[in-house]
Every structure is written in C-alpha cells, then in structure tokens.
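Source file: target_28.cif (mmCIF, C-alpha atoms and all ligand atoms)
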data_coords
#
loop_
_atom_site.label_atom_id
_atom_site.label_comp_id
_atom_site.auth_asym_id
_atom_site.auth_seq_id
_atom_site.Cartn_x
_atom_site.Cartn_y
_atom_site.Cartn_z
CA MET H 14 51.02 26.46 6.66
CA LYS H 15 48.27 29.00 7.43
CA GLY H 16 44.59 28.09 7.73
CA LEU H 17 42.32 30.47 5.78
CA THR H 18 38.60 31.17 6.03
CA VAL H 19 37.15 32.94 2.99
CA LEU H 20 33.93 34.81 3.78
CA GLY H 21 32.13 35.47 0.48
CA SER H 22 34.20 32.94 -1.47
CA THR H 23 31.90 32.85 -4.52
CA GLY H 24 32.19 36.59 -5.18
CA SER H 25 34.70 38.54 -7.23
CA ILE H 26 37.20 38.98 -4.36
CA GLY H 27 36.54 35.42 -3.11
CA LEU H 28 37.39 33.93 -6.51
CA SER H 29 40.55 36.04 -6.83
CA THR H 30 41.59 34.93 -3.33
CA LEU H 31 41.17 31.25 -4.20
CA ASP H 32 43.11 31.84 -7.42
CA VAL H 33 46.09 33.17 -5.43
CA VAL H 34 45.79 30.40 -2.83
CA THR H 35 45.83 27.72 -5.55
CA ARG H 36 49.27 28.99 -6.61
CA HIS H 37 50.68 28.35 -3.10
CA PRO H 38 49.38 25.03 -1.77
CA GLU H 39 52.39 24.74 0.54
CA ARG H 40 51.51 28.03 2.30
CA TYR H 41 47.71 28.13 2.67
CA ARG H 42 45.03 25.60 3.55
CA VAL H 43 41.38 26.62 3.10
CA VAL H 44 39.48 25.72 6.28
CA ALA H 45 36.09 27.35 5.58
CA LEU H 46 34.19 28.82 2.63
CA THR H 47 30.94 30.79 2.62
CA ALA H 48 28.34 32.08 0.18
CA ASN H 49 24.94 33.72 0.21
CA ARG H 50 22.74 31.52 -2.04
CA ASP H 51 25.04 30.22 -4.78
CA VAL H 52 24.83 26.49 -4.03
CA ASP H 53 26.46 25.40 -7.31
CA GLY H 54 29.37 27.78 -6.81
CA LEU H 55 30.05 26.74 -3.24
CA LEU H 56 29.63 23.03 -4.07
CA GLY H 57 32.35 23.25 -6.72
CA GLN H 58 34.67 25.11 -4.35
CA CYS H 59 34.08 22.57 -1.56
CA LEU H 60 34.93 19.68 -3.85
CA SER H 61 38.19 21.32 -4.98
CA PHE H 62 39.39 22.94 -1.71
CA LYS H 63 38.00 20.42 0.81
CA PRO H 64 37.43 22.86 3.69
CA GLN H 65 36.22 21.60 7.08
CA ILE H 66 33.12 23.81 7.02
CA ALA H 67 30.96 25.53 4.41
CA VAL H 68 28.36 28.16 5.31
CA MET H 69 25.37 29.34 3.31
CA ALA H 70 23.69 32.53 4.51
CA ASP H 71 20.23 31.05 4.12
CA ALA H 72 18.97 27.76 5.58
CA THR H 73 17.25 26.43 2.44
CA SER H 74 20.46 26.83 0.43
CA ALA H 75 22.41 25.17 3.25
CA ALA H 76 20.13 22.10 3.18
CA GLU H 77 20.51 21.90 -0.59
CA LEU H 78 24.30 22.18 -0.35
CA ALA H 79 24.48 19.47 2.35
CA LYS H 80 22.44 17.11 0.16
CA ARG H 81 24.58 17.76 -2.93
CA LEU H 82 27.82 17.33 -0.94
CA ALA H 83 26.62 13.99 0.44
CA GLU H 84 25.71 12.83 -3.10
CA ASN H 85 29.29 13.64 -4.07
CA GLY H 86 30.78 11.68 -1.17
CA SER H 87 32.05 14.82 0.59
CA ASP H 88 32.13 15.14 4.38
CA VAL H 89 32.31 18.96 4.51
CA GLU H 90 30.16 20.18 7.40
CA VAL H 91 27.48 22.70 6.40
CA LEU H 92 26.27 25.55 8.62
CA SER H 93 23.94 28.45 7.92
CA GLY H 94 23.12 32.01 8.88
CA VAL H 95 25.04 34.70 10.70
CA ALA H 96 25.89 32.31 13.55
CA GLY H 97 27.56 29.97 11.07
CA LEU H 98 29.48 32.84 9.50
CA GLU H 99 30.64 34.06 12.90
CA GLN H 100 31.69 30.54 13.84
CA VAL H 101 33.95 30.03 10.81
CA ALA H 102 35.37 33.56 11.17
CA ALA H 103 36.53 32.69 14.69
CA MET H 104 37.37 28.98 14.31
CA PRO H 105 40.74 27.98 15.81
CA GLU H 106 41.96 26.40 12.54
CA ALA H 107 41.70 29.78 10.76
CA ASP H 108 44.83 31.88 11.14
CA TYR H 109 43.68 34.28 8.44
CA VAL H 110 40.18 35.44 7.50
CA MET H 111 39.38 37.04 4.15
CA ALA H 112 36.37 39.32 4.79
CA ALA H 113 34.83 39.56 1.30
CA ILE H 114 31.08 39.59 1.90
CA VAL H 115 29.48 42.63 0.27
CA GLY H 116 27.66 45.26 2.32
CA ALA H 117 26.80 45.64 6.00
CA ALA H 118 25.89 41.91 5.98
CA GLY H 119 29.64 41.29 6.31
CA LEU H 120 30.01 43.31 9.50
CA LEU H 121 29.20 40.72 12.18
CA PRO H 122 31.34 37.94 10.66
CA ALA H 123 34.26 40.35 10.17
CA MET H 124 33.84 41.55 13.74
CA ALA H 125 33.88 37.92 14.94
CA ALA H 126 37.24 37.45 13.20
CA VAL H 127 38.57 40.62 14.82
CA ARG H 128 37.40 39.55 18.26
CA ALA H 129 39.11 36.19 17.78
CA GLY H 130 42.38 38.05 17.10
CA LYS H 131 42.81 36.84 13.51
CA ARG H 132 44.76 38.36 10.66
CA VAL H 133 41.80 39.94 8.87
CA LEU H 134 42.18 40.62 5.16
CA LEU H 135 39.57 43.33 4.90
CA ALA H 136 37.83 43.76 1.54
CA ASN H 137 34.41 44.47 3.09
CA LYS H 138 34.79 48.26 3.36
CA GLU H 139 31.18 48.66 4.49
CA ALA H 140 32.14 47.02 7.82
CA LEU H 141 34.46 49.95 8.56
CA VAL H 142 32.02 52.54 7.26
CA VAL H 143 29.25 51.24 9.51
CA SER H 144 31.29 50.76 12.67
CA GLY H 145 34.87 51.95 12.11
CA HIS H 146 35.37 53.22 15.63
CA LEU H 147 34.24 49.99 17.33
CA PHE H 148 35.93 47.82 14.72
CA MET H 149 39.36 49.43 15.20
CA GLU H 150 38.93 49.43 18.97
CA ALA H 151 38.15 45.70 18.93
CA ALA H 152 41.14 45.04 16.69
CA GLU H 153 43.43 46.74 19.19
CA ALA H 154 41.86 45.02 22.21
CA HIS H 155 42.12 41.55 20.62
CA GLU H 156 45.40 42.12 18.77
CA ALA H 157 43.82 41.39 15.42
CA GLU H 158 45.93 42.37 12.43
CA ILE H 159 43.90 44.29 9.84
CA LEU H 160 45.40 44.26 6.37
CA PRO H 161 43.53 46.30 3.74
CA ILE H 162 42.52 44.56 0.52
CA ASP H 163 40.82 47.54 -1.11
CA SER H 164 43.45 48.40 -3.73
CA GLU H 165 43.77 52.05 -2.66
CA HIS H 166 44.16 51.25 1.02
CA ASN H 167 46.51 48.42 0.29
CA ALA H 168 48.57 50.89 -1.77
CA VAL H 169 48.55 53.45 1.06
CA PHE H 170 49.57 50.74 3.52
CA GLN H 171 52.50 49.85 1.25
CA CYS H 172 53.58 53.52 1.02
CA MET H 173 53.29 54.21 4.77
CA PRO H 174 56.18 53.82 7.21
CA ALA H 175 55.86 50.66 9.33
CA ASP H 176 55.09 52.64 12.49
CA PHE H 177 52.23 54.74 11.02
CA ARG H 178 49.98 53.72 13.90
CA ARG H 179 51.91 56.20 16.10
CA GLY H 180 50.00 58.90 14.21
CA LEU H 181 50.54 60.41 10.76
CA GLU H 182 51.95 63.67 12.17
CA GLN H 183 54.53 61.75 14.19
CA VAL H 184 55.76 59.84 11.16
CA GLY H 185 55.92 62.89 8.87
CA VAL H 186 52.94 62.15 6.62
CA ARG H 187 51.12 65.23 5.29
CA LYS H 188 48.31 63.62 3.37
CA ILE H 189 46.90 60.60 1.61
CA LEU H 190 46.14 60.86 -2.11
CA LEU H 191 43.36 58.40 -2.85
CA THR H 192 43.12 57.70 -6.56
CA ALA H 193 39.82 57.03 -8.36
CA SER H 194 39.14 55.99 -11.93
CA GLY H 195 35.95 58.05 -12.11
CA GLY H 196 34.05 54.96 -13.33
CA PRO H 197 32.21 54.57 -16.63
CA PHE H 198 30.49 57.99 -16.56
CA ARG H 199 33.41 60.33 -15.90
CA THR H 200 33.04 62.10 -19.23
CA MET H 201 29.40 61.38 -20.16
CA PRO H 202 27.35 64.60 -20.69
CA LEU H 203 25.42 65.27 -17.45
CA GLU H 204 22.00 65.03 -19.18
CA GLY H 205 22.88 61.48 -20.25
CA LEU H 206 23.24 60.27 -16.65
CA LYS H 207 19.48 60.28 -16.10
CA ALA H 208 18.90 57.34 -18.43
CA VAL H 209 21.89 55.07 -17.75
CA THR H 210 21.09 51.38 -17.22
CA PRO H 211 22.45 48.92 -14.63
CA GLU H 212 24.41 47.22 -17.42
CA GLN H 213 26.14 50.49 -18.36
CA ALA H 214 26.86 51.25 -14.70
CA CYS H 215 28.36 47.80 -14.12
CA ALA H 216 30.65 47.99 -17.15
CA HIS H 217 33.68 49.45 -15.36
CA PRO H 218 36.45 50.58 -17.71
CA ASN H 219 39.34 49.05 -15.66
CA TRP H 220 38.09 46.68 -12.96
CA ASP H 221 35.94 43.55 -13.07
CA MET H 222 33.97 43.58 -9.78
CA GLY H 223 30.68 42.59 -8.12
CA ARG H 224 27.59 44.57 -9.16
CA LYS H 225 27.14 46.59 -5.96
CA ILE H 226 30.68 48.00 -5.92
CA SER H 227 30.48 48.58 -9.69
CA VAL H 228 27.45 50.85 -9.22
CA ASP H 229 29.22 52.53 -6.30
CA SER H 230 32.16 53.22 -8.61
CA ALA H 231 29.84 54.76 -11.19
CA THR H 232 28.31 57.15 -8.60
CA MET H 233 31.70 57.53 -6.86
CA MET H 234 30.01 56.56 -3.60
CA ASN H 235 32.70 53.90 -3.64
CA LYS H 236 35.35 56.60 -3.26
CA GLY H 237 33.28 58.23 -0.53
CA LEU H 238 33.13 54.94 1.38
CA GLU H 239 36.88 54.60 0.81
CA VAL H 240 37.56 58.04 2.30
CA ILE H 241 35.74 56.91 5.44
CA GLU H 242 37.56 53.56 5.36
CA ALA H 243 40.92 55.37 5.11
CA CYS H 244 40.10 57.64 8.06
CA TRP H 245 39.75 54.54 10.26
CA LEU H 246 42.56 52.44 8.87
CA PHE H 247 45.13 55.23 9.00
CA HIS H 248 43.85 57.22 12.00
CA THR H 249 43.39 60.39 10.02
CA SER H 250 40.84 63.12 9.37
CA PRO H 251 38.94 63.50 6.09
CA GLN H 252 40.75 66.81 5.43
CA GLN H 253 43.99 64.87 5.11
CA ILE H 254 42.57 62.68 2.36
CA GLN H 255 42.49 64.04 -1.16
CA VAL H 256 40.65 62.23 -3.93
CA VAL H 257 42.51 62.33 -7.26
CA LEU H 258 40.86 61.20 -10.48
CA HIS H 259 43.26 59.00 -12.37
CA PRO H 260 41.45 57.26 -15.23
CA GLN H 261 44.12 54.63 -16.00
CA SER H 262 43.92 52.97 -12.52
CA VAL H 263 47.65 52.23 -12.55
CA ILE H 264 48.62 54.27 -9.48
CA HIS H 265 46.49 52.72 -6.75
CA SER H 266 47.10 55.57 -4.26
CA MET H 267 49.87 57.75 -2.81
CA VAL H 268 51.22 59.14 0.44
CA GLU H 269 52.65 62.66 0.66
CA TYR H 270 55.33 63.38 3.28
CA ASN H 271 56.36 66.63 4.97
CA ASP H 272 59.56 66.86 2.93
CA GLY H 273 57.64 66.93 -0.36
CA SER H 274 58.18 63.26 -1.22
CA VAL H 275 55.16 61.48 -2.66
CA LEU H 276 55.28 57.68 -2.62
CA ALA H 277 53.00 55.74 -4.94
CA GLN H 278 52.16 52.07 -5.49
CA LEU H 279 51.62 51.07 -9.11
CA GLY H 280 50.41 47.90 -10.74
CA ASN H 281 47.94 46.48 -13.22
CA PRO H 282 44.35 46.80 -12.00
CA ASP H 283 43.95 43.23 -10.71
CA MET H 284 42.83 42.52 -7.13
CA ARG H 285 45.14 39.51 -6.90
CA THR H 286 48.02 41.93 -6.18
CA PRO H 287 46.61 43.37 -2.92
CA ILE H 288 45.26 39.92 -1.98
CA ALA H 289 48.67 38.27 -2.42
CA HIS H 290 50.30 41.18 -0.58
CA ALA H 291 48.04 40.80 2.45
CA LEU H 292 48.22 37.00 2.47
CA ALA H 293 52.00 36.92 2.46
CA TRP H 294 52.83 40.17 4.29
CA PRO H 295 55.59 40.99 5.13
CA GLU H 296 56.82 38.55 2.49
CA ARG H 297 56.05 38.81 -1.23
CA ILE H 298 54.62 35.99 -3.32
CA ASP H 299 53.53 35.46 -6.92
CA SER H 300 49.94 36.61 -7.54
CA GLY H 301 49.50 35.57 -11.15
CA VAL H 302 49.10 39.23 -12.18
CA ASP H 303 50.71 40.36 -15.46
CA ARG H 304 53.71 42.62 -15.09
CA LEU H 305 53.15 46.33 -15.49
CA ASP H 306 54.28 47.48 -18.94
CA LEU H 307 54.93 51.23 -18.63
CA PHE H 308 55.71 51.61 -22.33
CA GLN H 309 52.32 50.22 -23.22
CA ILE H 310 50.58 52.47 -20.67
CA ALA H 311 52.67 55.42 -21.90
CA ARG H 312 50.83 58.12 -19.91
CA LEU H 313 49.16 58.74 -16.57
CA ASP H 314 46.48 61.46 -16.21
CA PHE H 315 45.12 63.25 -13.14
CA GLU H 316 42.07 65.47 -12.57
CA ALA H 317 40.17 66.94 -9.63
CA PRO H 318 36.80 65.21 -9.03
CA ASP H 319 33.64 67.11 -10.03
CA LEU H 320 31.28 67.12 -7.02
CA GLU H 321 28.35 68.23 -9.16
CA ARG H 322 28.68 65.11 -11.29
CA PHE H 323 29.38 62.96 -8.24
CA PRO H 324 27.18 64.20 -5.34
CA CYS H 325 27.70 60.87 -3.53
CA LEU H 326 31.31 61.84 -2.87
CA ARG H 327 30.16 65.07 -1.23
CA LEU H 328 27.57 63.19 0.86
CA ALA H 329 30.23 60.79 2.14
CA TYR H 330 32.55 63.65 3.17
CA GLU H 331 29.62 65.32 4.94
CA ALA H 332 28.69 62.07 6.72
CA VAL H 333 32.19 61.44 8.01
CA GLU H 334 32.42 65.08 9.19
CA ALA H 335 29.08 64.70 10.99
CA GLY H 336 30.41 61.47 12.53
CA GLY H 337 28.55 59.16 14.92
CA THR H 338 25.77 57.28 13.18
CA ALA H 339 25.87 59.35 9.95
CA PRO H 340 28.22 57.02 7.99
CA THR H 341 26.05 54.04 9.04
CA VAL H 342 22.95 55.78 7.67
CA LEU H 343 24.80 56.82 4.50
CA ASN H 344 25.84 53.22 3.88
CA ALA H 345 22.43 51.68 4.59
CA ALA H 346 20.58 54.17 2.38
CA ASN H 347 23.12 53.62 -0.36
CA GLU H 348 22.70 49.83 -0.19
CA VAL H 349 18.93 50.22 -0.57
CA ALA H 350 19.34 52.73 -3.42
CA VAL H 351 21.85 50.61 -5.33
CA GLN H 352 19.70 47.49 -5.02
CA ALA H 353 16.69 49.46 -6.26
CA PHE H 354 18.73 50.83 -9.17
CA LEU H 355 19.93 47.33 -10.09
CA GLU H 356 16.30 46.16 -10.07
CA SER H 357 15.26 49.17 -12.21
CA ARG H 358 13.05 50.58 -9.44
CA LEU H 359 15.15 53.75 -9.19
CA GLY H 360 16.98 55.88 -11.76
CA PHE H 361 20.73 56.45 -11.52
CA LEU H 362 20.33 60.06 -10.35
CA GLY H 363 17.85 58.87 -7.72
CA ILE H 364 20.70 57.20 -5.80
CA PRO H 365 22.24 60.38 -4.29
CA THR H 366 18.78 61.90 -3.80
CA LEU H 367 17.59 58.93 -1.75
CA VAL H 368 20.81 58.85 0.30
CA GLU H 369 20.58 62.58 1.04
CA ARG H 370 16.90 62.37 2.05
CA THR H 371 17.67 59.51 4.43
CA LEU H 372 20.62 61.38 5.96
CA ASN H 373 18.40 64.41 6.50
CA ALA H 374 15.67 62.30 8.09
CA LEU H 375 17.85 60.38 10.56
CA GLU H 376 19.89 62.87 12.52
CA ALA H 377 23.46 61.88 13.45
CA ARG H 378 23.93 60.63 17.01
CA PRO H 379 27.01 59.44 18.90
CA ALA H 380 27.84 55.84 17.97
CA ASP H 381 28.81 54.11 21.16
CA SER H 382 27.52 50.57 20.70
CA LEU H 383 27.19 48.04 17.93
CA GLU H 384 23.50 47.54 18.87
CA LEU H 385 22.81 51.24 18.30
CA LEU H 386 24.60 51.18 14.94
CA LEU H 387 22.76 48.08 13.78
CA ASP H 388 19.50 49.70 14.85
CA GLN H 389 20.34 52.86 12.85
CA ASP H 390 21.20 50.64 9.90
CA ARG H 391 17.73 49.03 10.13
CA GLN H 392 15.93 52.34 10.55
CA ALA H 393 17.73 53.88 7.60
CA ARG H 394 16.78 50.90 5.41
CA VAL H 395 13.13 51.16 6.44
CA PHE H 396 13.07 54.91 5.74
CA ALA H 397 14.82 54.54 2.38
CA GLU H 398 12.53 51.71 1.25
CA GLN H 399 9.46 53.80 2.12
CA ALA H 400 10.90 56.88 0.46
CA LEU H 401 11.43 54.90 -2.75
P1 LIG H 501 30.40 40.07 -4.95
O1 LIG H 501 29.00 40.51 -5.04
O2 LIG H 501 31.08 39.61 -6.20
O3 LIG H 501 30.55 38.89 -3.87
C1 LIG H 501 29.96 38.98 -2.61
C2 LIG H 501 30.11 37.69 -1.83
O4 LIG H 501 29.40 37.81 -0.60
C3 LIG H 501 29.53 36.46 -2.52
O5 LIG H 501 30.27 35.33 -2.16
C4 LIG H 501 28.11 36.37 -1.93
O6 LIG H 501 27.62 35.04 -1.98
C5 LIG H 501 28.36 36.83 -0.51
N1 LIG H 501 27.17 37.48 0.07
C6 LIG H 501 26.40 38.43 -0.50
N2 LIG H 501 25.42 38.82 0.34
C7 LIG H 501 25.56 38.08 1.46
C8 LIG H 501 24.85 38.01 2.70
N3 LIG H 501 23.76 38.77 2.93
N4 LIG H 501 25.29 37.13 3.64
C9 LIG H 501 26.35 36.36 3.42
N5 LIG H 501 27.07 36.38 2.26
C10 LIG H 501 26.69 37.23 1.30
O7 LIG H 501 31.22 41.28 -4.29
P2 LIG H 501 32.76 41.65 -4.47
O8 LIG H 501 32.94 42.54 -5.63
O9 LIG H 501 33.60 40.42 -4.35
O10 LIG H 501 32.98 42.57 -3.19
C11 LIG H 501 33.10 42.04 -1.88
C12 LIG H 501 33.56 43.15 -0.95
O11 LIG H 501 34.87 43.56 -1.33
C13 LIG H 501 32.69 44.41 -1.01
O12 LIG H 501 32.59 44.98 0.26
C14 LIG H 501 33.46 45.33 -1.94
O13 LIG H 501 33.24 46.69 -1.66
C15 LIG H 501 34.90 44.95 -1.60
N6 LIG H 501 35.84 45.22 -2.70
C16 LIG H 501 35.70 44.56 -3.87
C17 LIG H 501 36.59 44.83 -4.92
C18 LIG H 501 36.49 44.08 -6.23
O14 LIG H 501 37.36 44.26 -7.08
N7 LIG H 501 35.51 43.25 -6.45
C19 LIG H 501 37.61 45.78 -4.74
C20 LIG H 501 37.70 46.42 -3.51
C21 LIG H 501 36.83 46.13 -2.49
MG MG H 502 38.93 50.46 -4.05
#

Write-out of the structure in structure tokens:
Amino acid sequence: MKGLTVLGSTGSIGLSTLDVVTRHPERYRVVALTANRDVDGLLGQCLSFKPQIAVMADATSAAELAKRLAENGSDVEVLSGVAGLEQVAAMPEADYVMAAIVGAAGLLPAMAAVRAGKRVLLANKEALVVSGHLFMEAAEAHEAEILPIDSEHNAVFQCMPADFRRGLEQVGVRKILLTASGGPFRTMPLEGLKAVTPEQACAHPNWDMGRKISVDSATMMNKGLEVIEACWLFHTSPQQIQVVLHPQSVIHSMVEYNDGSVLAQLGNPDMRTPIAHALAWPERIDSGVDRLDLFQIARLDFEAPDLERFPCLRLAYEAVEAGGTAPTVLNAANEVAVQAFLESRLGFLGIPTLVERTLNALEARPADSLELLLDQDRQARVFAEQAL
C-alpha cells in the first residue's frame, strides 16, 4: 500500500488521479489533498477519501473548510498556505506525491517533495521551466524519482531505454519527436486570431484540461514549455527536440534512435493513462481509459509547426537557448498574459507580444539559486502587469 499526496486535487489532473486511485483501493491510500480556493470541491474529496490532512492555499478558505468538515463529523486536519503545501508534500506517510498545481505556484511544494526523496508524479511543468536545473539537481541529491505525467514526456519516458540517464548519445538516441495537436486554431485564418475569445481558446479539440493549459495549447506556448521540460527530464539540448504537429493526438510522442528506429507511444487522449503508468511503474494497472480503436481512427497526420502562427513556440526555443533566468521570465510573463486574456484584459495576439516585451526587458542571467529565480519571477510579473 502506497501513501499518496495529491497537490491540486480539485483540478483536471487531480480529478483524473483520484479516478485512477479509486479503481485500486488495495494499492493506494490518499494521505493529503490540496486546493486553491475550491472549498466545496475539497470538502467532497475529504469526505470520500478521508486523508489525514487537507490544505487550502488561502487562510480564509482553510477556515471555511475546517468549519464545514467539523459540521460533517470529519477529523481531517486543515492547513493553509505554502507552508501547509510543503508540509504535505514532504510528510512521512506520503510515498508518492502528485504535483498537479498549475503554474509557478506549484514549484515550492513540488520542490519540497523532491527534497524529501519522494516519487514525484510531475504534471506541473512550470516547476521545471522555472527551475529545471535546481530541480533535477535536488532530485539527484535526495534520490527522488521523477516520473513525467505530461502525456508527451510520459510517452518519451516509455520509449526510452531504462538507462537513458547515462546520456542520450550513450544509449543511441538521436532525437525526441514531441507531438502537438496544434490546438483549436491550427487552421483558422490568421486574421481571425485577433478576435478569438477565452471560450474558443479553451475548447480544445482533443483534450479536456484546466483553462491555463488550454490557452497555452492554443498559443502553443504549452509546446514551448514542454520543449524546456523535455530538455531537463531527458538531459538533452533543444536542438535534439523536434516538434511535430499531429492533430489526432493519438501518438503522444516518439524517440528516434541512431539505427533509424522510431519508437512511439499511442493511446486515446486521456490523462488517466500517463497517471496510471506513473503510479504503478514499473508495473501496469487499469486506468479506466477506453481501448484505442485504430480502425475508427483510420489515419494519422503530421505537419511541421508554423512559427508565424505560433510565435510563443519560437519564444520558448529562444528562452531555453538563452538559458539562465530566461525560461523563468518567459513563464512568469506568460502566466500574467494568459490570466489577462482569460479576464478579457488582453487580446489573444497580445499574449506573445507581452511575453516578448518582458523577455527583452529582463536580460537573462545565470540561475544559480532558487531565491534569484523566484525574484526574477516576481520582477517579470511586475513588469508584465505594468506593460499590460
Ligand atoms: P487546473 O486549473 O484544472 O487545476 C489546478 C489545481 O491547482 C487545482 O486543484 C487548484 O485548486 C490548484 N491551484 C491553483 N492555483 C493554486 C495556487 N496558487 N496555490 C495552490 N493551489 C493552486 O489545472 P490542470 O489542467 O489540472 O493542470 C495542472 C498542471 O498539470 C499544470 O501545470 C498543467 O500544465 C499540467 N498538465 C495538465 C494536463 C491536463 O490534461 N489537464 C496535461 C498535462 C500537464
Ligand atoms: Mg502535454
């Protein structure tokens, strides 16, 4: 029986995780659950999963949750804030930690899990984008096991030889082919992009996800963040990662070897597959996902991405090439821009413009401490908010 903390349990990945866990009560016990402000959501989860601890990011919500739990006769302990999140990420009863908070807000809790040497199921890609170098270093120092949940990285992990950490050259890998659906606007005439609404941007053709990552998929910043994420997870350079548009989202990514072999992982677009994979690894368990029906899918298409349509992808490649604090700034500016777009304070095409302006304003510096990176994150947010 493995104890599991789910950070961000009320979100899209959190709900899918609890769905998989419910199918295997003999394997996993939920020891902690966390949410930002969704008291009703976390209350319901506490009553069904009976964790030891629940954490709300803000104190008012935590007080409300504690009151409602008491009214329901529950003795779940309630904590709040980053300290609470860090505590449940590192608690001794948690063997595994699902890191599924969205954005840089998930970094410190995920880092706490890493420093406590947990198996970290990493959905929160922004944590690696902001501090990949320090994150991977800490994982090695504390013998934390990082298993990727992002479907592409989980696919790459499945297609890699077991000893890939020796270095991709050593194990005969030539490149990583990162697939991308191209989101809802892949074929929309360019003039139309100016006027798209948050609702259109969040209506992803294949995946049902949280609103921030849905907008990132529409701008393809999501793929940019994933290129950076892959560089850290697989110890590789951005030149060895090729983005391939594949509108059906059936091949979740591929690995090309020196002998010409290309290995791919396929499946229906449902995050319960990578979640179940990482929970059970190296075993395999039922995820509840429908079987892939190749006759129904019938065809798989591939295209090169259009960097004029998707400037965010170019900006992400440039940021990872620049290195140091540049990916941190890219991520922070993007979080501000996406939030502003979702609140109709910024047009869709304003997202890459704001990110580029912020990158130009805050010059890249070496990233040698978490304090420095968090400070750059703050500065980039302040600049981007003002530039809005
Ligand atoms: P979501 O918005 O649906 O859920 C986010 C969760 O984090 C919620 O539980 C929310 O309460 C919590 N949260 C939000 N802000 C917080 C804060 N400031 N402090 C503490 N908790 C906070 O997001 P999601 O789609 O589940 O995505 C979660 C992460 O997984 C993201 O990093 C995303 O990029 C990644 N991811 C998601 C998918 C997907 O299919 N949804 C796929 C790949 C990767
Ligand atoms: Mg992905």

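Using only C-alpha atoms, the protein and nucleic acid residues lying no more than 12 Å from H:Pro174, apart from those fewer than 3 places from it along its own chain, are H:Val169, H:Phe170, H:Gln171, H:Phe177, H:Arg178, H:Arg179, H:Gly180, H:Leu181, H:Glu182, H:Gln183, H:Val184, H:Gly185, H:Val186, H:Phe247, H:Val268, H:Glu269, H:Tyr270, H:Leu276.
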
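Distance check against H:Asp163 using only C-alpha atoms: of H:Val351, H:Ala377, H:Leu135, H:Ala103, the minimum falls on H:Leu135.
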
Pick out the residues no farther than 8 Å from ligand MG 502 (chain H), counting all atoms listed in the file, and list them as a PyMOL selection string.
chain H and resi 163-166+193+235-236+239

Can you work out which one of H:Val101, H:Ala123, H:Leu258, H:Met173 has the shortest atom-to-atom distance to H:Leu320, counting all atoms listed in the file?
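Distance minimum relative to H:Leu320 lands on H:Leu258.
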
Hey, which of H:Ser300, H:Gln213, H:Asn344, H:Gln399 ends up closest to ligand LIG 501 (chain H)? Count only C-alpha atoms and all ligand atoms.
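Checking each candidate against ligand LIG 501 (chain H), we get H:Asn344 as the closest.
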
Would you mind telling me which residue in H:Leu160, H:Leu191, H:Leu355, H:Val19 lies nearest to ligand LIG 501 (chain H) when using only C-alpha atoms and all ligand atoms?
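The closest residue to ligand LIG 501 (chain H) is H:Val19.
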
Selection within 8 Å of ligand LIG 501 (chain H) by only C-alpha atoms and all ligand atoms, output as a PyMOL selection string:
chain H and resi 20-28+47-51+69-71+94-95+98+112-116+118-119+135-140+162-164+220-227+235+283-284
